[in-house]
Each structure stands twice: as structure tokens, then as C-alpha cells.
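The structure appears right after this line, and notes come after that.
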Amino acid sequence: MPRQPEGPPPPPVVARVRVRFAKRGRLRFLSHRDVARAFERGLRRAEVPMAYSAGFNPHPRISWVGAAPTGAASEAEYVEFALSAPAEPERLRSALDASLPPGLDVLRVVPAGGAALAERINASRWLVRLPSVAEPALRDAVAEFLRRDSVEVERATKDGRRRFDVRPAVILADCRAGNDTCAILDLVVRHTTPAVRPDDVLTALDVVAGLRPSAPPEPIRLEQGRLLEDGTLADPLAPDRNDAGRLVG
């Protein structure tokens, strides 16, 4: 017979909250694991009444959705927490934001309700700054990419190198001139398996047009949400926002 854990069971879940946060500046180089650890420390410092799993190694009940890749900044990262006691969303947001390192910035906290958060997110909008790339060269490369029905790239994964088609995931690709000698790539990318990241799209531009930035690209995710017919994204927290000011629980 398996030995039962000693001590009382963990408090029940009384509510869930959904959080939008940003990953900015140098903290864009944090891995998802580093971000998760920073949040767990921040939650303890902020004394957020977290609900915990049962068993021999209880852990806070946290659900992550669509984390940005290492090296990418983001204004639209999402996570959901299960709480063991009531909490006022704005106070929770302020306390958690103060307990996280600058660059992990909590933007909004709302009560969770309705459909699962993951069901409300199936695409991302990205801006990618390309220092040293002229806008006409980027525009020509994007036009050639959009003319193709298929553009395969190769990426190293934990299971070895994998080849996959980037083109079907890219819903929108546009470009404009930035400051100095910098072009900016605007992307809307559907979430797929494997996930198509901004660096995969840049690899595809190299494949179709030989575009190779001489300086590291600077990607930032502006939005995540459900893709609408006009190519825009629905705010995944909008259905919960009407309840954002009330006591959670």
C-alpha cells in the first residue's frame, strides 16, 4: 500500500485569477523556467494566498499559456493562479508587481471565468526590429515569402533537428522603416505545432530571398488572443474584465 502524506490536506481552491504581464529589457533573455521561478518567489513575497497541489511535494497551482521564447520581449504573457482565499484583483496586481524584478511587470489581474484561457488564445502579433536591414530589402523579401505556398525551415529541437513548413502559420506579414538603418517586420502568426517563432520567419526570409540581418533581431510580442476574421486578435481577458474590480472568491 502506498504511504499517505502526513498532515492536513491543502486548502481547497476558492477562486482563480488570470494575469497579463510583460517581459521587458534584459529580462527578455530569461528562459520560461527562470520566469516561472521568479513568479513563485514573487508570489511568496507578496503573500498571495495560493492553492497548492496535494501529495508529498506540494507546489502552487499555476497554469502558463503560450510563453515567449528566450530572447524575445513581450507585452502579452499570460498565467493563471488558483487561490485558497479571497483577493482583490488590483491589490493582488500591485503586490505581485512590487515583488517581481523590474522587467517582469504585472499589467492586469482579472477573475477567471468562462472558457479556459488556452481556448481564447490561438495566435500572436509580433514586431521584429531588424537593425542594419533596409526597408526596401525587407519589403522585397516579405513579398517573395507571401507569394509562396510553402517555405520549409529547419530548427534544432531537444529531439534533434526538425524540418517544418512556416508559411501556413503566417497570417499577416508587413514591414516599415524604423529609425536610422532599421526595418520593422510586423507579423501575425497562428499558434501551431511546432510553434512558428519570429526567428523561424526570418530563416524563411533567408530561404526565399537571402535576407540575413547582420545584427541580432529584436522581437517583441505585442498581443496574444483568438484570431478574428479581419486578422486582429481578441483580448483573451475581455470576457472577464467586467468582474475585474470585485473581490475574487
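Labels for the C-alpha cells follow display order: chains A, B, ..., residues from 1 in each chain, ligands from 1.
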Determine, using only C-alpha atoms, which residues of range 33-94 of chain A have any atom at most 10 Å from an atom of range 119-133 of chain A, and tabulate each with its shortest atom pair and distance in Å to one decimal place, rows ordered by chain and then rising number, as a tab-separated table.
```
residue	atom	partner	partner_atom	distance
A:Val65	CA	A:Ile121	CA	8.3
A:Gly66	CA	A:Ile121	CA	8.2
A:Ala68	CA	A:Ser124	CA	9.9
A:Ala72	CA	A:Val128	CA	9.4
A:Ala73	CA	A:Trp126	CA	9.7
A:Ser74	CA	A:Trp126	CA	8.7
A:Glu75	CA	A:Trp126	CA	9.9
A:Ala76	CA	A:Ser124	CA	8.9
A:Tyr78	CA	A:Ile121	CA	9.8
```
- May I have the residues within 6 Å of range 41-47 of chain A as a count of residues only, using only C-alpha atoms and disregarding those fewer than 5 positions away in the same chain? 4
- Item | Close residues, range 155-158 of chain A itself excluded, 10 Å, only C-alpha atoms, min 4 positions apart in chain, as a ChimeraX atom specification | /A:162-164,194,199-200,203
- Mind checking which residues fall within 8 Å of Leu172 in chain A, counting only C-alpha atoms, ignoring those fewer than 4 positions away in the same chain, and posting them as a ChimeraX atom specification? /A:186-189,231
- Message: Give me, as a PyMOL selection string, the residues of range 21-235 of chain A that a backbone DSSP run labels strand (DSSP E or B).
- Response: chain A and resi 21-23+50+52+60+62-65+73-83+87+104-111+123-131+152-157+160-165+170-177+182-190+218-227+233-234
- Task: Please provide as a ChimeraX atom specification all residues within 10 Å of Ala36 in chain A, with the sequence filter that same-chain residues fewer than 4 positions apart are discarded (counting only C-alpha atoms).
- Result: /A:30-32,40-42,62,64,79
- Message: Using only C-alpha atoms, which protein or nucleic acid residues come within 8 Å of range 51-56 of chain A? Drop anything in the same chain fewer than 4 positions from it, and give the result as an MDAnalysis selection string.
- Response: chainID A and resid 5 9:13 60:61 82:84
- Message: Can you tell me which residues surround range 212-214 of chain A at a distance of at most 12 Å, considering only C-alpha atoms, apart from same-chain residues fewer than 3 positions away, and format the answer as JSON, numbers by chain?
- Response: {"A": [128, 129, 130, 131, 132, 133, 134, 135, 137, 138, 141, 181, 182, 183, 184, 199, 201, 202, 203, 204, 205, 206, 207, 208, 209, 217, 218]}
- Query: Where does DSSP see alpha helix (DSSP H) in range 6-238 of chain A, if you list the residues as an NGL selection string?
  - Reply: :A and (32-45 or 89-99 or 135-147 or 198-209)
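If you look at CA of Ala67 in chain A and CA of Glu154 in chain A, they are 21.1 Å away from each other.
Put simply, CA of Pro69 in chain A is 22.8 Å away from CA of Phe145 in chain A.
You will find CA of Val196 in chain A at 27.0 Å from CA of Phe81 in chain A.
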